[in-house]
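Structure file model_14.pdb; described as PDB, C-alpha atoms.
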```pdb
ATOM      1  CA  MET A   1      11.687   2.041  35.573
ATOM      2  CA  GLU A   2       8.841   4.494  35.126
ATOM      3  CA  LEU A   3       8.868   6.887  32.173
ATOM      4  CA  ARG A   4       7.420   9.586  34.448
ATOM      5  CA  ASN A   5      10.518   9.396  36.649
ATOM      6  CA  ILE A   6      12.823   9.528  33.616
ATOM      7  CA  ASN A   7      10.987  12.614  32.318
ATOM      8  CA  THR A   8      11.365  14.288  35.730
ATOM      9  CA  PHE A   9      15.088  13.438  35.781
ATOM     10  CA  LEU A  10      15.566  15.115  32.385
ATOM     11  CA  HIS A  11      13.790  18.282  33.559
ATOM     12  CA  VAL A  12      15.901  18.537  36.723
ATOM     13  CA  ALA A  13      19.082  17.921  34.690
ATOM     14  CA  GLU A  14      18.154  20.680  32.230
ATOM     15  CA  LEU A  15      16.945  23.243  34.800
ATOM     16  CA  HIS A  16      19.512  22.428  37.551
ATOM     17  CA  SER A  17      16.737  22.809  40.085
ATOM     18  CA  PHE A  18      14.168  20.576  41.772
ATOM     19  CA  SER A  19      11.838  23.509  42.418
ATOM     20  CA  ARG A  20      11.927  24.815  38.827
ATOM     21  CA  ALA A  21      11.385  21.303  37.482
ATOM     22  CA  ALA A  22       8.378  20.975  39.803
ATOM     23  CA  ARG A  23       6.868  24.204  38.451
ATOM     24  CA  GLU A  24       7.551  23.154  34.853
ATOM     25  CA  LEU A  25       5.886  19.774  35.369
ATOM     26  CA  ASP A  26       3.133  21.070  37.666
ATOM     27  CA  TYR A  27       4.273  18.748  40.461
ATOM     28  CA  SER A  28       5.009  19.494  44.088
ATOM     29  CA  GLN A  29       8.702  19.721  44.947
ATOM     30  CA  SER A  30       8.336  16.727  47.233
ATOM     31  CA  ALA A  31       6.918  14.688  44.324
ATOM     32  CA  VAL A  32       9.941  15.567  42.195
ATOM     33  CA  SER A  33      12.316  14.618  45.024
ATOM     34  CA  SER A  34      10.469  11.338  45.512
ATOM     35  CA  GLN A  35      10.625  10.417  41.822
ATOM     36  CA  ILE A  36      14.360  11.120  41.632
ATOM     37  CA  ALA A  37      14.920   9.099  44.784
ATOM     38  CA  GLN A  38      12.993   6.165  43.259
ATOM     39  CA  LEU A  39      15.119   6.353  40.125
ATOM     40  CA  GLU A  40      18.370   6.507  42.096
ATOM     41  CA  GLU A  41      17.253   3.497  44.157
ATOM     42  CA  GLU A  42      16.491   1.493  41.013
ATOM     43  CA  LEU A  43      19.842   2.386  39.453
ATOM     44  CA  ALA A  44      21.704   2.016  42.746
ATOM     45  CA  VAL A  45      23.713   5.207  42.099
ATOM     46  CA  PRO A  46      23.237   8.886  42.974
ATOM     47  CA  LEU A  47      22.274  10.941  39.935
ATOM     48  CA  PHE A  48      22.620  14.453  41.374
ATOM     49  CA  ASP A  49      24.937  16.256  43.742
ATOM     50  CA  ARG A  50      22.883  18.508  46.008
ATOM     51  CA  VAL A  51      25.259  21.035  47.503
ATOM     52  CA  GLY A  52      23.507  24.012  49.038
ATOM     53  CA  LYS A  53      21.041  25.378  46.492
ATOM     54  CA  THR A  54      22.889  23.967  43.504
ATOM     55  CA  VAL A  55      21.957  20.739  41.705
ATOM     56  CA  ARG A  56      24.485  19.132  39.406
ATOM     57  CA  LEU A  57      24.656  15.765  37.671
ATOM     58  CA  THR A  58      27.069  13.232  39.123
ATOM     59  CA  ASP A  59      29.301  11.282  36.754
ATOM     60  CA  ALA A  60      26.724   8.488  36.876
ATOM     61  CA  GLY A  61      23.948  10.992  36.205
ATOM     62  CA  GLN A  62      25.861  12.349  33.215
ATOM     63  CA  THR A  63      26.210   8.806  31.848
ATOM     64  CA  PHE A  64      22.530   8.067  32.407
ATOM     65  CA  LEU A  65      21.461  11.332  30.704
ATOM     66  CA  HIS A  66      22.036   9.963  27.173
ATOM     67  CA  TYR A  67      20.139   6.754  27.918
ATOM     68  CA  ALA A  68      17.280   8.669  29.530
ATOM     69  CA  ARG A  69      16.800  10.803  26.432
ATOM     70  CA  THR A  70      16.877   7.720  24.206
ATOM     71  CA  LEU A  71      14.391   5.850  26.409
ATOM     72  CA  LEU A  72      11.931   8.748  26.474
ATOM     73  CA  THR A  73      12.239   9.415  22.714
ATOM     74  CA  THR A  74      11.727   5.723  21.895
ATOM     75  CA  ALA A  75       8.659   5.594  24.153
ATOM     76  CA  GLN A  76       7.184   8.676  22.468
ATOM     77  CA  GLN A  77       7.846   7.242  19.009
ATOM     78  CA  ALA A  78       6.234   3.940  19.981
ATOM     79  CA  LYS A  79       3.157   5.751  21.264
ATOM     80  CA  ALA A  80       2.906   7.830  18.081
ATOM     81  CA  ALA A  81       3.261   4.739  15.897
ATOM     82  CA  LEU A  82       0.286   3.127  17.603
ATOM     83  CA  GLN A  83      -1.995   6.122  17.145
ATOM     84  CA  PRO A  84      -4.420   6.073  14.187
ATOM     85  CA  ALA A  85      -3.260   8.205  11.288
ATOM     86  CA  PRO A  86      -5.041  11.568  11.118
ATOM     87  CA  GLU A  87      -7.791  11.683   8.517
ATOM     88  CA  ALA A  88      -6.722  13.695   5.513
ATOM     89  CA  SER A  89      -8.660  16.902   4.953
ATOM     90  CA  GLY A  90      -8.270  20.132   3.014
ATOM     91  CA  THR A  91      -7.313  20.323  -0.649
ATOM     92  CA  LEU A  92      -5.094  18.561  -3.159
ATOM     93  CA  ARG A  93      -3.975  20.439  -6.282
ATOM     94  CA  VAL A  94      -2.719  18.274  -9.137
ATOM     95  CA  ALA A  95      -1.401  19.591 -12.438
ATOM     96  CA  ILE A  96      -1.642  16.811 -15.003
ATOM     97  CA  ALA A  97      -1.150  15.985 -18.661
ATOM     98  CA  ASP A  98      -4.444  15.907 -20.558
ATOM     99  CA  SER A  99      -4.071  12.311 -21.747
ATOM    100  CA  LEU A 100      -3.293  11.081 -18.231
ATOM    101  CA  CYS A 101      -6.272  12.969 -16.863
ATOM    102  CA  SER A 102      -8.773  11.233 -19.119
ATOM    103  CA  ALA A 103      -7.119   7.817 -18.976
ATOM    104  CA  LEU A 104      -5.960   7.445 -15.371
ATOM    105  CA  MET A 105      -8.040   9.745 -13.223
ATOM    106  CA  PRO A 106     -11.428   7.944 -13.207
ATOM    107  CA  PRO A 107     -10.206   4.800 -11.365
ATOM    108  CA  LEU A 108      -7.613   6.690  -9.325
ATOM    109  CA  LEU A 109     -10.039   9.370  -8.140
ATOM    110  CA  ALA A 110     -12.630   6.777  -7.143
ATOM    111  CA  ARG A 111     -10.062   5.099  -4.886
ATOM    112  CA  PHE A 112      -8.755   8.416  -3.596
ATOM    113  CA  HIS A 113     -12.225   9.651  -2.628
ATOM    114  CA  ALA A 114     -12.943   6.407  -0.785
ATOM    115  CA  LEU A 115      -9.663   6.843   1.107
ATOM    116  CA  CYS A 116      -9.838  10.622   1.670
ATOM    117  CA  PRO A 117     -13.524  11.634   1.543
ATOM    118  CA  ARG A 118     -12.864  15.009   3.198
ATOM    119  CA  VAL A 119     -10.294  16.176   0.644
ATOM    120  CA  GLU A 120     -11.280  18.520  -2.187
ATOM    121  CA  VAL A 121      -9.339  17.689  -5.356
ATOM    122  CA  SER A 122      -8.452  20.299  -7.969
ATOM    123  CA  LEU A 123      -7.173  18.957 -11.312
ATOM    124  CA  ARG A 124      -5.594  21.278 -13.848
ATOM    125  CA  THR A 125      -4.446  20.053 -17.250
ATOM    126  CA  ALA A 126      -1.249  21.716 -18.412
ATOM    127  CA  THR A 127       1.891  21.303 -20.466
ATOM    128  CA  THR A 128       5.048  20.080 -18.764
ATOM    129  CA  GLN A 129       6.511  23.597 -18.659
ATOM    130  CA  GLU A 130       3.287  24.981 -17.204
ATOM    131  CA  MET A 131       3.370  22.247 -14.538
ATOM    132  CA  GLN A 132       6.928  23.181 -13.588
ATOM    133  CA  ASP A 133       5.871  26.809 -13.251
ATOM    134  CA  LEU A 134       2.908  25.823 -11.068
ATOM    135  CA  LEU A 135       5.105  23.751  -8.755
ATOM    136  CA  SER A 136       7.666  26.540  -8.477
ATOM    137  CA  ALA A 137       4.935  29.058  -7.586
ATOM    138  CA  ASN A 138       3.311  26.623  -5.107
ATOM    139  CA  GLN A 139       0.115  26.731  -7.154
ATOM    140  CA  ALA A 140       0.124  22.935  -7.474
ATOM    141  CA  ASP A 141       1.036  20.261  -4.935
ATOM    142  CA  LEU A 142       1.861  17.582  -7.505
ATOM    143  CA  ALA A 143       2.658  17.496 -11.212
ATOM    144  CA  TYR A 144       1.826  14.372 -13.224
ATOM    145  CA  THR A 145       3.606  14.550 -16.574
ATOM    146  CA  PHE A 146       3.627  12.506 -19.767
ATOM    147  CA  ASP A 147       6.758  13.559 -21.594
ATOM    148  CA  GLN A 148      10.387  12.877 -22.266
ATOM    149  CA  PRO A 149      12.299  12.261 -18.999
ATOM    150  CA  VAL A 150      12.088  15.407 -16.871
ATOM    151  CA  THR A 151      14.871  16.418 -14.479
ATOM    152  CA  HIS A 152      14.921  19.583 -12.388
ATOM    153  CA  PRO A 153      17.024  20.407  -9.307
ATOM    154  CA  SER A 154      14.012  21.859  -7.487
ATOM    155  CA  PHE A 155      11.694  18.869  -8.022
ATOM    156  CA  VAL A 156      11.533  15.428  -6.426
ATOM    157  CA  ARG A 157      10.557  12.596  -8.782
ATOM    158  CA  LEU A 158       8.024  10.380  -7.006
ATOM    159  CA  LEU A 159       7.094   8.071  -9.886
ATOM    160  CA  ASP A 160       8.730   7.216 -13.208
ATOM    161  CA  GLU A 161       7.136   4.690 -15.564
ATOM    162  CA  PRO A 162       7.796   4.059 -19.281
ATOM    163  CA  GLU A 163       4.777   4.325 -21.607
ATOM    164  CA  PRO A 164       4.913   3.362 -25.318
ATOM    165  CA  CYS A 165       3.082   5.216 -28.079
ATOM    166  CA  CYS A 166       1.567   3.682 -31.214
ATOM    167  CA  PHE A 167      -0.356   4.296 -34.426
ATOM    168  CA  LEU A 168      -4.068   3.454 -34.557
ATOM    169  CA  ALA A 169      -6.097   2.782 -37.706
ATOM    170  CA  PRO A 170      -9.750   1.950 -38.457
ATOM    171  CA  ALA A 171     -10.237  -1.806 -38.755
ATOM    172  CA  GLY A 172     -11.142  -1.505 -42.436
ATOM    173  CA  HIS A 173      -8.186   0.685 -43.393
ATOM    174  CA  PRO A 174      -5.925  -0.648 -46.212
ATOM    175  CA  LEU A 175      -2.916  -0.623 -43.854
ATOM    176  CA  ALA A 176      -4.681  -2.524 -41.073
ATOM    177  CA  GLY A 177      -3.072  -5.914 -40.539
ATOM    178  CA  ARG A 178      -0.157  -5.256 -42.903
ATOM    179  CA  GLN A 179       3.251  -6.463 -41.780
ATOM    180  CA  GLY A 180       6.538  -4.631 -42.200
ATOM    181  CA  LEU A 181       5.079  -1.122 -42.269
ATOM    182  CA  THR A 182       7.462   1.846 -42.159
ATOM    183  CA  LEU A 183       7.001   5.552 -41.570
ATOM    184  CA  ALA A 184       7.305   6.079 -45.314
ATOM    185  CA  ASP A 185       4.138   3.992 -45.784
ATOM    186  CA  LEU A 186       2.220   6.368 -43.517
ATOM    187  CA  ALA A 187       3.440   9.647 -44.934
ATOM    188  CA  GLY A 188       0.649   9.976 -47.501
ATOM    189  CA  GLN A 189      -2.217   8.938 -45.212
ATOM    190  CA  GLU A 190      -4.826  11.192 -43.638
ATOM    191  CA  PHE A 191      -4.205  11.742 -39.927
ATOM    192  CA  LEU A 192      -6.061  13.032 -36.906
ATOM    193  CA  LEU A 193      -3.467  14.363 -34.492
ATOM    194  CA  THR A 194      -3.360  16.076 -31.137
ATOM    195  CA  GLU A 195      -2.372  19.728 -31.137
ATOM    196  CA  ARG A 196       1.214  20.775 -31.729
ATOM    197  CA  GLY A 197       3.217  20.939 -28.516
ATOM    198  CA  MET A 198       2.017  17.591 -27.197
ATOM    199  CA  SER A 199       5.120  15.686 -26.105
ATOM    200  CA  TYR A 200       4.482  12.509 -28.088
ATOM    201  CA  ARG A 201       3.552  14.422 -31.251
ATOM    202  CA  GLU A 202       6.787  16.407 -30.990
ATOM    203  CA  ALA A 203       8.755  13.169 -30.594
ATOM    204  CA  LEU A 204       7.082  11.758 -33.709
ATOM    205  CA  GLU A 205       7.722  14.910 -35.755
ATOM    206  CA  HIS A 206      11.416  14.882 -34.792
ATOM    207  CA  LEU A 207      11.668  11.275 -35.930
ATOM    208  CA  LEU A 208       9.902  12.069 -39.199
ATOM    209  CA  ALA A 209      12.088  15.116 -39.821
ATOM    210  CA  ALA A 210      15.202  12.977 -39.385
ATOM    211  CA  ARG A 211      13.893  10.814 -42.239
ATOM    212  CA  ARG A 212      12.762  13.825 -44.282
ATOM    213  CA  LEU A 213       9.136  12.768 -43.953
ATOM    214  CA  SER A 214       5.983  14.446 -42.705
ATOM    215  CA  LEU A 215       2.402  13.492 -41.916
ATOM    216  CA  ARG A 216      -0.698  15.164 -43.300
ATOM    217  CA  PRO A 217      -3.128  15.917 -40.453
ATOM    218  CA  TYR A 218      -6.496  17.129 -41.693
ATOM    219  CA  LEU A 219      -7.766  17.497 -38.125
ATOM    220  CA  GLU A 220      -5.970  18.676 -34.990
ATOM    221  CA  LEU A 221      -7.557  18.794 -31.549
ATOM    222  CA  GLY A 222      -6.551  18.432 -27.909
ATOM    223  CA  ASP A 223      -9.015  15.706 -26.928
ATOM    224  CA  ALA A 224      -7.197  12.378 -27.400
ATOM    225  CA  ALA A 225     -10.252  10.363 -26.337
ATOM    226  CA  LEU A 226     -12.355  12.014 -29.064
ATOM    227  CA  ILE A 227      -9.641  11.293 -31.626
ATOM    228  CA  CYS A 228      -9.858   7.583 -30.747
ATOM    229  CA  ARG A 229     -13.620   7.616 -31.344
ATOM    230  CA  LEU A 230     -13.182   9.356 -34.693
ATOM    231  CA  VAL A 231     -10.632   6.743 -35.757
ATOM    232  CA  GLU A 232     -13.114   4.006 -34.825
ATOM    233  CA  GLN A 233     -15.577   5.672 -37.207
ATOM    234  CA  GLY A 234     -13.081   5.399 -40.059
ATOM    235  CA  LEU A 235     -11.978   9.041 -40.287
ATOM    236  CA  GLY A 236      -8.231   8.416 -40.465
ATOM    237  CA  LEU A 237      -5.114   7.309 -38.592
ATOM    238  CA  THR A 238      -3.679   8.699 -35.375
ATOM    239  CA  PHE A 239      -0.635   8.479 -33.117
ATOM    240  CA  LEU A 240      -1.277   8.367 -29.381
ATOM    241  CA  PRO A 241      -0.043   6.903 -26.109
ATOM    242  CA  ARG A 242      -0.733   3.194 -26.050
ATOM    243  CA  TYR A 243      -2.880   3.516 -22.917
ATOM    244  CA  MET A 244      -5.229   5.873 -24.786
ATOM    245  CA  VAL A 245      -5.512   3.401 -27.650
ATOM    246  CA  GLU A 246      -6.218   0.300 -25.541
ATOM    247  CA  ALA A 247      -9.886   1.195 -25.001
ATOM    248  CA  SER A 248     -10.407   1.385 -28.772
ATOM    249  CA  LEU A 249      -9.098  -2.102 -29.505
ATOM    250  CA  THR A 250     -12.549  -3.675 -29.632
ATOM    251  CA  GLY A 251     -12.610  -4.588 -33.324
ATOM    252  CA  GLN A 252     -13.383  -1.142 -34.754
ATOM    253  CA  ALA A 253      -9.759   0.033 -34.619
ATOM    254  CA  VAL A 254      -6.405  -1.749 -34.663
ATOM    255  CA  PRO A 255      -2.822  -0.745 -33.808
ATOM    256  CA  LEU A 256      -0.283  -0.579 -36.606
ATOM    257  CA  ASP A 257       3.121  -2.171 -36.183
ATOM    258  CA  VAL A 258       5.525   0.353 -37.687
ATOM    259  CA  ALA A 259       8.991  -1.173 -37.576
ATOM    260  CA  ASP A 260      11.028   2.044 -37.677
ATOM    261  CA  CYS A 261       8.953   3.931 -35.085
ATOM    262  CA  ARG A 262       9.453   2.944 -31.450
ATOM    263  CA  ILE A 263       8.643   5.996 -29.373
ATOM    264  CA  GLU A 264       8.449   5.700 -25.601
ATOM    265  CA  MET A 265       7.561   8.512 -23.204
ATOM    266  CA  ARG A 266       7.728   8.686 -19.402
ATOM    267  CA  ARG A 267       4.841   8.959 -16.965
ATOM    268  CA  GLN A 268       6.327  10.911 -14.063
ATOM    269  CA  LEU A 269       4.980  12.385 -10.821
ATOM    270  CA  PHE A 270       6.745  15.296  -9.109
ATOM    271  CA  CYS A 271       6.545  17.611  -6.123
ATOM    272  CA  HIS A 272       8.725  20.553  -5.143
ATOM    273  CA  LYS A 273      11.716  19.600  -2.974
ATOM    274  CA  ASP A 274      10.667  22.135  -0.312
ATOM    275  CA  LYS A 275       7.028  21.007  -0.230
ATOM    276  CA  TRP A 276       5.716  19.418   2.956
ATOM    277  CA  ILE A 277       4.086  16.107   1.995
ATOM    278  CA  THR A 278       0.529  16.234   3.328
ATOM    279  CA  PRO A 279      -1.483  13.085   4.127
ATOM    280  CA  GLN A 280      -3.577  13.622   0.980
ATOM    281  CA  MET A 281      -0.417  13.921  -1.126
ATOM    282  CA  GLU A 282       0.896  10.685   0.380
ATOM    283  CA  ALA A 283      -2.393   8.949  -0.461
ATOM    284  CA  PHE A 284      -2.359  10.204  -4.068
ATOM    285  CA  ILE A 285       1.301   9.224  -4.549
ATOM    286  CA  HIS A 286       0.595   5.714  -3.277
ATOM    287  CA  LEU A 287      -2.459   5.315  -5.511
ATOM    288  CA  ALA A 288      -0.648   6.689  -8.565
ATOM    289  CA  ALA A 289       2.105   4.114  -8.053
ATOM    290  CA  HIS A 290      -0.491   1.325  -7.950
ATOM    291  CA  THR A 291      -2.865   2.550 -10.681
ATOM    292  CA  THR A 292      -1.473   1.324 -13.973
ATOM    293  CA  THR A 293      -2.401   2.392 -17.469
ATOM    294  CA  LYS A 294      -3.433  -1.217 -18.142
ATOM    295  CA  GLU A 295      -6.522  -0.597 -15.980
ATOM    296  CA  THR A 296      -7.903   2.014 -18.360
TER
END
```

Represent the structure of the file as C-alpha cells.
Amino acid sequence: MELRNINTFLHVAELHSFSRAARELDYSQSAVSSQIAQLEEELAVPLFDRVGKTVRLTDAGQTFLHYARTLLTTAQQAKAALQPAPEASGTLRVAIADSLCSALMPPLLARFHALCPRVEVSLRTATTQEMQDLLSANQADLAYTFDQPVTHPSFVRLLDEPEPCCFLAPAGHPLAGRQGLTLADLAGQEFLLTERGMSYREALEHLLAARRLSLRPYLELGDAALICRLVEQGLGLTFLPRYMVEASLTGQAVPLDVADCRIEMRRQLFCHKDKWITPQMEAFIHLAAHTTTKET
C-alpha cells in the first residue's frame, strides 16, 4: 500500500472532487483516478461513490478514512524522527545566581559551546526576584537560582537539587578542627560575608536571630570566590555554599562542623510556562542536569 495513494485518497475525501484533488496535488486527474483505483483494488472494496459530478465516501471509505490518517501521520513522524536534529543557532539568555555563575558555568559553558557552537550565550547575574521579573518580561530564557525552594504558577521547574552550606575557616584558626562547635562559639569571631540579600546569608541570619545571636562581619562583598581566597590567607571565617568552599579545601582552609547549623538551599532551573523551548534551551537544560557542583 503506497503512501502516495493514501495521501491522494485523503485529499479526494476532504475536497469531494477528483479534479480539485488533482490541482491541489499537482497531478493529472487521470493520475488521481489511477491511484484511487489501485487503492480500491488492494483493499478489495470501493472507497467512493461517483454519482454524476459528486464524490462521496462509501461506508468502507468512511471506515478506512481513520486508518489512512493514522498511517500517513505515523509515516511522517517516522520520517521526522530519522532526520538529523537542526543545529542550534541564535541566542540563549540565562539569568543566574552569582555563586552558581562562578562555580558551575566554566565546565558547563565549555560543553555547551562544543555542542552548540553557533549559539551566543548571554549570562546575567541577578537575585531570585530579579530573575522572576526577567522571565515574566521575556528578557531571559532560563533562570538558574540558588535559594529557598521557589514556586510560581507562571514558571516551570526544570531542575531541583539540594545544596548544603557550610562555614569555612583558615587552617590555622583556633576553631579549626574543634569538635562540637555551636553557633554561639562563632558569634564573637571576625567574618567575611557576602552582601545582605544573598539567600544563604539571609537563611543564616534568620537562624541566628532565632537564637538571639549575631555575627560580626568586618568585610562584605558580592564575590564569593574572592571571599574564599581571603579566608585561605587567614583573614577570617565565612559562610558559603559548600560547592564554593570545595575548591578551597587544599590545606589552607577547612570547613567547620557546627552542630546546630544545618542550612540547605535549592539549586533550581526555571523557564516561563508559555516559553517555547528552543534547541539551545534543551541543550542547556540537559547539561545543567548533568553538571554537578562536585565538578567545581

| message | When the PyMOL selection byres ((chain A and resi 12) around 12) is applied to the structure above, which residues does it catch, written out as JSON, numbers by chain? | response | {"A": [5, 6, 7, 8, 9, 10, 11, 13, 14, 15, 16, 17, 18, 19, 20, 21, 22, 23, 24, 25, 29, 32, 33, 35, 36, 47, 48, 49, 50, 54, 55, 56, 57, 61, 65]}

| query | Nearest to A:Pro170 among A:Glu41, A:Asp274, A:Glu190, A:Asp185, with distances taken over only C-alpha atoms: which residue is it? | reply |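 Smallest distance to A:Pro170 is found for A:Glu190.
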
| said: For a test of reading the model, state the distance in Å between atom CA of A:Leu142 and atom CA of A:Ala103, rounded to one decimal. | reply: 17.5 Å

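The shortest atom-to-atom distance to A:Ala283, with only C-alpha atoms taken into account, belongs to A:Leu108 out of A:Ala60, A:Leu108, A:Ala171, A:Val45.
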
| Got a sec: who's within 12 Å of A:Ala137, counting only C-alpha atoms, leaving out chain neighbours fewer than 6 positions off, as a PyMOL selection string? | chain A and resi 130-131+154+271-272+274-275

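Every protein, DNA or RNA residue with an atom at most 6 Å from stretch 246-259 of chain A, where all atoms listed in the file count and chain neighbours fewer than 4 positions away do not, is listed here: Phe167, Leu168, Ala169, Pro170, Ala171, Leu181, Thr182 and Glu232 of chain A.
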
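Atom to atom, atom CA of A:Ala288 and atom CA of A:Leu159 stand 8.0 Å apart.
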
Can you build me a table of stretch 213-245 of chain A residues sitting at most 9 Å from stretch 195-198 of chain A, with the closest atom pair per residue and its distance in Å to one decimal, using all atoms listed in the file, sorted by chain and residue number, as JSON lines?
```
{"residue": "A:Glu220", "atom": "CA", "partner": "A:Glu195", "partner_atom": "CA", "distance": 5.4}
{"residue": "A:Leu221", "atom": "CA", "partner": "A:Glu195", "partner_atom": "CA", "distance": 5.3}
{"residue": "A:Gly222", "atom": "CA", "partner": "A:Glu195", "partner_atom": "CA", "distance": 5.4}
{"residue": "A:Asp223", "atom": "CA", "partner": "A:Glu195", "partner_atom": "CA", "distance": 8.8}
```

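Put simply, atom CA of A:Glu87 is 17.1 Å away from atom CA of A:Ala110.
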
| Using only C-alpha atoms, which residue out of A:Phe191, A:Tyr67, A:Phe112, A:Tyr144 lies closest to A:Asp98? |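 That would be A:Tyr144, the residue with the smallest distance to A:Asp98.
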
Output as JSON the centre and edge lengths (Å, one decimal) of the box along x, y and z of the file that holds every listed atom of stretch 275-282 of chain A after adding 8 Å on each side.
```
{"center_x": 1.7, "center_y": 15.8, "center_z": 1.5, "size_x": 26.6, "size_y": 26.3, "size_z": 21.3}
```

| query | Where does the PyMOL selection byres ((chain A and resi 143) around 12) land in this file, that is, which residues does it pick, as a ChimeraX atom specification? | reply | /A:92-98,100-101,122-136,138-142,144-147,150,155-159,267-272,281,284-285,288

So that I have them on file, write out the residues from the current selection with C-alpha atoms, as a JSON list (two decimals), keeping the file's coordinate frame.
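And here is the file that came out, again.json:
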```
[["chain", "number", "residue", "atom", "x", "y", "z"],
["A", 92, "LEU", "CA", -5.09, 18.56, -3.16],
["A", 93, "ARG", "CA", -3.98, 20.44, -6.28],
["A", 94, "VAL", "CA", -2.72, 18.27, -9.14],
["A", 95, "ALA", "CA", -1.40, 19.59, -12.44],
["A", 96, "ILE", "CA", -1.64, 16.81, -15.00],
["A", 97, "ALA", "CA", -1.15, 15.98, -18.66],
["A", 98, "ASP", "CA", -4.44, 15.91, -20.56],
["A", 100, "LEU", "CA", -3.29, 11.08, -18.23],
["A", 101, "CYS", "CA", -6.27, 12.97, -16.86],
["A", 122, "SER", "CA", -8.45, 20.30, -7.97],
["A", 123, "LEU", "CA", -7.17, 18.96, -11.31],
["A", 124, "ARG", "CA", -5.59, 21.28, -13.85],
["A", 125, "THR", "CA", -4.45, 20.05, -17.25],
["A", 126, "ALA", "CA", -1.25, 21.72, -18.41],
["A", 127, "THR", "CA", 1.89, 21.30, -20.47],
["A", 128, "THR", "CA", 5.05, 20.08, -18.76],
["A", 129, "GLN", "CA", 6.51, 23.60, -18.66],
["A", 130, "GLU", "CA", 3.29, 24.98, -17.20],
["A", 131, "MET", "CA", 3.37, 22.25, -14.54],
["A", 132, "GLN", "CA", 6.93, 23.18, -13.59],
["A", 133, "ASP", "CA", 5.87, 26.81, -13.25],
["A", 134, "LEU", "CA", 2.91, 25.82, -11.07],
["A", 135, "LEU", "CA", 5.11, 23.75, -8.76],
["A", 136, "SER", "CA", 7.67, 26.54, -8.48],
["A", 138, "ASN", "CA", 3.31, 26.62, -5.11],
["A", 139, "GLN", "CA", 0.12, 26.73, -7.15],
["A", 140, "ALA", "CA", 0.12, 22.94, -7.47],
["A", 141, "ASP", "CA", 1.04, 20.26, -4.93],
["A", 142, "LEU", "CA", 1.86, 17.58, -7.50],
["A", 144, "TYR", "CA", 1.83, 14.37, -13.22],
["A", 145, "THR", "CA", 3.61, 14.55, -16.57],
["A", 146, "PHE", "CA", 3.63, 12.51, -19.77],
["A", 147, "ASP", "CA", 6.76, 13.56, -21.59],
["A", 150, "VAL", "CA", 12.09, 15.41, -16.87],
["A", 155, "PHE", "CA", 11.69, 18.87, -8.02],
["A", 156, "VAL", "CA", 11.53, 15.43, -6.43],
["A", 157, "ARG", "CA", 10.56, 12.60, -8.78],
["A", 158, "LEU", "CA", 8.02, 10.38, -7.01],
["A", 159, "LEU", "CA", 7.09, 8.07, -9.89],
["A", 267, "ARG", "CA", 4.84, 8.96, -16.96],
["A", 268, "GLN", "CA", 6.33, 10.91, -14.06],
["A", 269, "LEU", "CA", 4.98, 12.38, -10.82],
["A", 270, "PHE", "CA", 6.74, 15.30, -9.11],
["A", 271, "CYS", "CA", 6.54, 17.61, -6.12],
["A", 272, "HIS", "CA", 8.72, 20.55, -5.14],
["A", 281, "MET", "CA", -0.42, 13.92, -1.13],
["A", 284, "PHE", "CA", -2.36, 10.20, -4.07],
["A", 285, "ILE", "CA", 1.30, 9.22, -4.55],
["A", 288, "ALA", "CA", -0.65, 6.69, -8.56]]
```

| For A:Leu208, which residue among A:Arg242, A:Arg178, A:Arg262, A:Lys53 is the nearest when counting all atoms listed in the file? | A:Arg262

Write a file for stretch 269-294 of chain A, containing C-alpha atoms (output as a CSV table (one decimal), in the first residue's frame).
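Below is the file that was written, decode28.csv:
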```csv
chain,number,residue,atom,x,y,z
A,269,LEU,CA,16.4,26.0,36.9
A,270,PHE,CA,13.2,27.6,35.5
A,271,CYS,CA,11.6,28.8,32.3
A,272,HIS,CA,8.3,30.5,31.8
A,273,LYS,CA,5.3,28.2,31.2
A,274,ASP,CA,4.5,29.9,27.9
A,275,LYS,CA,8.1,29.9,26.6
A,276,TRP,CA,8.8,27.8,23.5
A,277,ILE,CA,11.8,25.5,24.4
A,278,THR,CA,14.4,26.2,21.7
A,279,PRO,CA,17.1,23.6,20.8
A,280,GLN,CA,19.7,25.7,22.7
A,281,MET,CA,17.5,25.8,25.8
A,282,GLU,CA,17.1,22.0,25.6
A,283,ALA,CA,20.9,21.6,25.3
A,284,PHE,CA,21.5,23.9,28.3
A,285,ILE,CA,18.8,22.1,30.4
A,286,HIS,CA,20.4,18.7,29.7
A,287,LEU,CA,23.9,19.9,30.5
A,288,ALA,CA,22.7,21.6,33.7
A,289,ALA,CA,21.1,18.4,34.9
A,290,HIS,CA,24.4,16.5,34.3
A,291,THR,CA,26.9,19.2,35.5
A,292,THR,CA,27.1,18.7,39.3
A,293,THR,CA,28.6,21.0,41.8
A,294,LYS,CA,31.1,18.3,42.7
```
